[in-house]
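**Student:** upload_12.pdb is reproduced below (PDB, C-alpha atoms).
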ATOM      1  CA  MET A 101       0.000   0.000   0.000
ATOM      2  CA  ASN A 102       2.854   2.387   0.818
ATOM      3  CA  ALA A 103       0.985   5.411   2.170
ATOM      4  CA  THR A 104      -1.477   6.204   4.913
ATOM      5  CA  PRO A 105      -4.642   7.935   3.735
ATOM      6  CA  THR A 106      -5.891  11.077   5.369
ATOM      7  CA  ALA A 107      -9.418  11.581   6.641
ATOM      8  CA  GLY A 108     -11.794  13.287   4.269
ATOM      9  CA  THR A 109      -9.902  12.346   1.109
ATOM     10  CA  PRO A 110     -11.852  13.692  -1.883
ATOM     11  CA  GLY A 111     -13.546  10.966  -3.882
ATOM     12  CA  THR A 112     -13.974   8.523  -1.009
ATOM     13  CA  GLU A 113     -17.434   7.192  -0.475
ATOM     14  CA  GLN A 114     -18.953   4.691   1.902
ATOM     15  CA  ALA A 115     -19.037   1.324   0.208
ATOM     16  CA  GLU A 116     -20.102  -1.406   2.607
ATOM     17  CA  GLY A 117     -19.770  -5.027   1.726
ATOM     18  CA  ARG A 118     -17.739  -5.043  -1.478
ATOM     19  CA  THR A 119     -16.871  -8.553  -2.553
ATOM     20  CA  GLY A 120     -14.006 -10.051  -4.450
ATOM     21  CA  GLY A 121     -11.713 -12.996  -4.827
ATOM     22  CA  CYS A 122      -9.115 -14.791  -6.851
ATOM     23  CA  LEU A 123      -9.383 -16.147 -10.387
ATOM     24  CA  CYS A 124     -10.168 -19.749  -9.385
ATOM     25  CA  GLY A 125     -12.657 -18.711  -6.677
ATOM     26  CA  ARG A 126     -11.036 -20.510  -3.740
ATOM     27  CA  ILE A 127     -10.269 -17.181  -2.063
ATOM     28  CA  ARG A 128     -13.290 -14.940  -1.573
ATOM     29  CA  PHE A 129     -13.637 -11.895   0.651
ATOM     30  CA  THR A 130     -15.961  -9.136   1.776
ATOM     31  CA  THR A 131     -14.734  -5.682   2.735
ATOM     32  CA  GLN A 132     -16.111  -3.389   5.422
ATOM     33  CA  GLY A 133     -15.802   0.378   5.513
ATOM     34  CA  PRO A 134     -14.987   2.956   2.874
ATOM     35  CA  ALA A 135     -12.325   2.463   0.229
ATOM     36  CA  VAL A 136      -9.313   4.607   1.158
ATOM     37  CA  PHE A 137      -6.264   5.854  -0.713
ATOM     38  CA  ALA A 138      -6.762   4.201  -4.081
ATOM     39  CA  HIS A 139      -3.406   4.318  -5.832
ATOM     40  CA  THR A 140      -1.105   2.624  -8.266
ATOM     41  CA  CYS A 141       2.299   1.282  -7.306
ATOM     42  CA  ALA A 142       5.250   0.822  -9.638
ATOM     43  CA  CYS A 143       7.775  -0.454  -7.091
ATOM     44  CA  GLY A 144       9.950  -3.303  -8.262
ATOM     45  CA  HIS A 145       8.132  -5.757  -6.002
ATOM     46  CA  CYS A 146       4.679  -4.875  -7.367
ATOM     47  CA  GLN A 147       6.002  -5.096 -10.921
ATOM     48  CA  LYS A 148       7.460  -8.565 -10.340
ATOM     49  CA  LEU A 149       4.564  -9.852  -8.230
ATOM     50  CA  GLY A 150       1.949  -8.615 -10.673
ATOM     51  CA  GLY A 151       3.862  -9.270 -13.871
ATOM     52  CA  THR A 152       2.749  -5.779 -14.896
ATOM     53  CA  PRO A 153       4.146  -2.243 -15.013
ATOM     54  CA  LEU A 154       2.087  -1.355 -11.917
ATOM     55  CA  MET A 155      -0.481  -2.653  -9.474
ATOM     56  CA  TRP A 156      -3.688  -0.888  -8.395
ATOM     57  CA  TRP A 157      -4.366  -0.872  -4.638
ATOM     58  CA  VAL A 158      -7.009   0.398  -2.224
ATOM     59  CA  GLY A 159      -7.323   0.060   1.548
ATOM     60  CA  PHE A 160     -10.245  -1.209   3.619
ATOM     61  CA  GLU A 161     -10.717  -1.150   7.388
ATOM     62  CA  THR A 162     -11.730  -4.797   7.530
ATOM     63  CA  VAL A 163     -11.525  -7.717   5.134
ATOM     64  CA  THR A 164     -13.284 -10.988   5.951
ATOM     65  CA  TRP A 165     -12.102 -14.089   4.094
ATOM     66  CA  THR A 166     -15.226 -16.024   3.063
ATOM     67  CA  GLY A 167     -13.978 -18.619   0.550
ATOM     68  CA  GLU A 168     -12.675 -22.123   1.074
ATOM     69  CA  SER A 169      -9.168 -20.787   1.722
ATOM     70  CA  GLU A 170      -7.310 -17.626   2.720
ATOM     71  CA  PRO A 171      -4.359 -16.055   0.937
ATOM     72  CA  THR A 172      -0.858 -17.393   1.277
ATOM     73  CA  TRP A 173       1.353 -14.534   2.447
ATOM     74  CA  TYR A 174       4.738 -13.626   0.998
ATOM     75  CA  GLU A 175       6.852 -11.179   2.990
ATOM     76  CA  THR A 176       8.084  -8.618   0.464
ATOM     77  CA  PHE A 177       9.836  -6.333   2.960
ATOM     78  CA  ALA A 178      11.012  -8.228   6.051
ATOM     79  CA  GLY A 179       9.004  -7.173   9.106
ATOM     80  CA  GLU A 180       7.261  -4.400   7.170
ATOM     81  CA  ALA A 181       5.049  -5.723   4.384
ATOM     82  CA  LYS A 182       3.543  -8.895   3.038
ATOM     83  CA  ARG A 183       1.434  -9.663  -0.004
ATOM     84  CA  GLY A 184      -1.354 -12.241  -0.184
ATOM     85  CA  PHE A 185      -1.962 -14.483  -3.163
ATOM     86  CA  CYS A 186      -3.853 -17.636  -4.089
ATOM     87  CA  PRO A 187      -1.505 -20.634  -4.097
ATOM     88  CA  ASN A 188      -3.786 -22.390  -6.595
ATOM     89  CA  CYS A 189      -4.261 -19.804  -9.378
ATOM     90  CA  GLY A 190      -1.605 -17.233  -8.412
ATOM     91  CA  SER A 191      -3.941 -14.229  -8.189
ATOM     92  CA  ARG A 192      -2.574 -11.358  -6.102
ATOM     93  CA  VAL A 193      -5.349 -10.240  -3.780
ATOM     94  CA  ALA A 194      -4.087  -8.365  -0.708
ATOM     95  CA  ALA A 195      -1.335  -6.514   1.133
ATOM     96  CA  ILE A 196      -0.545  -5.876   4.772
ATOM     97  CA  ASP A 197       1.870  -3.088   5.643
ATOM     98  CA  SER A 198       3.005  -2.657   9.254
ATOM     99  CA  ASP A 199       2.586   1.130   9.279
ATOM    100  CA  ILE A 200      -0.909   1.245   7.743
ATOM    101  CA  PRO A 201      -4.068   0.309   9.659
ATOM    102  CA  GLU A 202      -6.075  -0.779   6.603
ATOM    103  CA  ILE A 203      -5.591  -3.974   4.650
ATOM    104  CA  GLY A 204      -4.687  -3.362   1.039
ATOM    105  CA  ILE A 205      -6.743  -5.017  -1.657
ATOM    106  CA  ASN A 206      -5.602  -5.336  -5.238
ATOM    107  CA  VAL A 207      -8.493  -3.506  -6.909
ATOM    108  CA  THR A 208      -8.579  -6.014  -9.770
ATOM    109  CA  ALA A 209      -9.498  -8.702  -7.196
ATOM    110  CA  LEU A 210     -12.791  -6.869  -6.494
ATOM    111  CA  ASP A 211     -15.904  -8.131  -8.284
ATOM    112  CA  ASP A 212     -16.852  -4.564  -9.230
ATOM    113  CA  THR A 213     -14.057  -2.079  -9.962
ATOM    114  CA  SER A 214     -16.274   0.740 -11.229
ATOM    115  CA  GLY A 215     -16.627   2.863  -8.068
ATOM    116  CA  SER A 216     -15.415   6.452  -8.225
ATOM    117  CA  ASP A 217     -13.695   5.848  -4.874
ATOM    118  CA  LEU A 218     -11.409   3.340  -6.640
ATOM    119  CA  VAL A 219      -9.945   5.873  -9.074
ATOM    120  CA  PRO A 220      -6.247   6.263  -8.179
ATOM    121  CA  ILE A 221      -5.391   9.470  -6.319
ATOM    122  CA  HIS A 222      -1.669   8.777  -5.988
ATOM    123  CA  ALA A 223       1.108   6.899  -7.793
ATOM    124  CA  SER A 224       3.577   5.240  -5.438
ATOM    125  CA  PHE A 225       7.128   4.812  -6.744
ATOM    126  CA  SER A 226       6.332   6.885  -9.840
ATOM    127  CA  ASP A 227      10.079   7.281 -10.480
ATOM    128  CA  ASN A 228      10.112   3.561 -11.272
ATOM    129  CA  ALA A 229       7.115   3.697 -13.656
ATOM    130  CA  VAL A 230       7.482   2.713 -17.288
ATOM    131  CA  HIS A 231       7.928   5.742 -19.525
ATOM    132  CA  TRP A 232       5.172   4.832 -22.008
ATOM    133  CA  LEU A 233       2.227   4.960 -19.565
ATOM    134  CA  PRO A 234       0.768   8.377 -18.760
ATOM    135  CA  PRO A 235       1.175   9.306 -15.079
ATOM    136  CA  VAL A 236      -1.724   9.161 -12.635
ATOM    137  CA  PRO A 237      -2.942  12.718 -12.002
ATOM    138  CA  GLU A 238      -2.286  12.844  -8.267
ATOM    139  CA  THR A 239      -4.958  14.449  -6.135
ATOM    140  CA  GLU A 240      -3.338  13.486  -2.840
ATOM    141  CA  HIS A 241       0.369  13.483  -2.109
ATOM    142  CA  SER A 242       2.263  11.260   0.254
ATOM    143  CA  THR A 243       5.724  11.175   1.748
ATOM    144  CA  ALA A 244       5.908   7.423   1.073
ATOM    145  CA  GLY A 245       6.617   5.937  -2.317
TER     146      GLY A 245
END
How would this structure read if it were set down as structure tokens?
**Tutor:**
Amino acid sequence: MNATPTAGTPGTEQAEGRTGGCLCGRIRFTTQGPAVFAHTCACGHCQKLGGTPLMWWVGFETVTWTGESEPTWYETFAGEAKRGFCPNCGSRVAAIDSDIPEIGINVTALDDTSGSDLVPIHASFSDNAVHWLPPVPETEHSTAG
């Protein structure tokens, strides 16, 4: 996730009970609370983990795992951050960062990604972004990433 959101972030809306999961369906979840600090991340770990130029994250106060299994966690930064994925299909679904109270959800793991509160407001590690993608127009700045 890489940055703590601030209260009253423009574009956040209450969205109770969003659902999502992995590609094979073994991992399912429901979120509680508003989506906070939607952002992209182009750090080297997100690029390698996602197999993409960037990953798209959002935080939620609570995530309840409702499927037949929970994510397997890979510690990307020792003692600081771990990323959750499905060991069956490989889908990246979540992130836990020690300095952020919310759990990060990979937005593409949500069943519905159309909410205006999911539009990225920040680009973490933008210095590492590929040159051929246009930058995210940041509406909130952070000291992290």
**Student:** Ranking A:Cys146, A:Cys141, A:Ala135, A:Val163 by minimum distance to Ile203 in chain A and counting all atoms listed in the file, which one comes first?
**Tutor:**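 That would be A:Val163, the residue with the smallest distance to Ile203 in chain A.
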**Student:** Given the file shown, enumerate the residues that the PyMOL selection byres ((chain A and resi 150) around 12) captures and present them as a PyMOL selection string.
**Tutor:** chain A and resi 140-149+151-157+183-185+190-194+206+208-209
**Student:** Could you save those same residues with C-alpha atoms as a compact mmCIF listing (two decimals), in the frame of the given file?
**Tutor:**
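Just written: result_20.txt:
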# COMPACT_ATOMS: atom_id res chain seq x y z
CA THR A 140 -1.10 2.62 -8.27
CA CYS A 141 2.30 1.28 -7.31
CA ALA A 142 5.25 0.82 -9.64
CA CYS A 143 7.78 -0.45 -7.09
CA GLY A 144 9.95 -3.30 -8.26
CA HIS A 145 8.13 -5.76 -6.00
CA CYS A 146 4.68 -4.88 -7.37
CA GLN A 147 6.00 -5.10 -10.92
CA LYS A 148 7.46 -8.56 -10.34
CA LEU A 149 4.56 -9.85 -8.23
CA GLY A 151 3.86 -9.27 -13.87
CA THR A 152 2.75 -5.78 -14.90
CA PRO A 153 4.15 -2.24 -15.01
CA LEU A 154 2.09 -1.36 -11.92
CA MET A 155 -0.48 -2.65 -9.47
CA TRP A 156 -3.69 -0.89 -8.40
CA TRP A 157 -4.37 -0.87 -4.64
CA ARG A 183 1.43 -9.66 0.00
CA GLY A 184 -1.35 -12.24 -0.18
CA PHE A 185 -1.96 -14.48 -3.16
CA GLY A 190 -1.60 -17.23 -8.41
CA SER A 191 -3.94 -14.23 -8.19
CA ARG A 192 -2.57 -11.36 -6.10
CA VAL A 193 -5.35 -10.24 -3.78
CA ALA A 194 -4.09 -8.36 -0.71
CA ASN A 206 -5.60 -5.34 -5.24
CA THR A 208 -8.58 -6.01 -9.77
CA ALA A 209 -9.50 -8.70 -7.20
**Student:** Find the residues with any atom within 9 Å of (-11.9, -4.7, 6.9); use only C-alpha atoms and the coordinates as given in the file, and write the answer as a VMD selection string.
**Tutor:** chain A and resid 130 to 133 159 to 164 202 to 203
**Student:** Could you tell me which residues the PyMOL selection byres ((chain A and resi 124) around 9) grabs in this file, written as a PyMOL selection string?
**Tutor:** chain A and resi 121-123+125-127+186+188-191
**Student:** Quick one: of A:Phe137, A:Ser169, A:Pro201, A:Ile196, who's nearest to Ser216 in chain A, counting only C-alpha atoms?
**Tutor:** A:Phe137
**Student:** If you apply the PyMOL selection byres ((chain A and resi 226) around 8) to this file, what residues do you get, as a VMD selection string?
**Tutor:** chain A and resid 141 to 143 223 to 225 227 to 229 235 245
**Student:** Limited to C-alpha atoms, could you put the picked residues into a file as a PDB file, in the coordinates of the input?
**Tutor:**
ATOM      1  CA  CYS A 141       2.299   1.282  -7.306  1.00  0.00           C
ATOM      2  CA  ALA A 142       5.250   0.822  -9.638  1.00  0.00           C
ATOM      3  CA  CYS A 143       7.775  -0.454  -7.091  1.00  0.00           C
ATOM      4  CA  ALA A 223       1.108   6.899  -7.793  1.00  0.00           C
ATOM      5  CA  SER A 224       3.577   5.240  -5.438  1.00  0.00           C
ATOM      6  CA  PHE A 225       7.128   4.812  -6.744  1.00  0.00           C
ATOM      7  CA  ASP A 227      10.079   7.281 -10.480  1.00  0.00           C
ATOM      8  CA  ASN A 228      10.112   3.561 -11.272  1.00  0.00           C
ATOM      9  CA  ALA A 229       7.115   3.697 -13.656  1.00  0.00           C
ATOM     10  CA  PRO A 235       1.175   9.306 -15.079  1.00  0.00           C
ATOM     11  CA  GLY A 245       6.617   5.937  -2.317  1.00  0.00           C
TER      12      GLY A 245
END
**Student:** Just how far from CA of Leu210 in chain A is CA of Val230 in chain A, in Å to one decimal?
**Tutor:**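 Going from CA of Val230 in chain A over to CA of Leu210 in chain A covers 24.9 Å.
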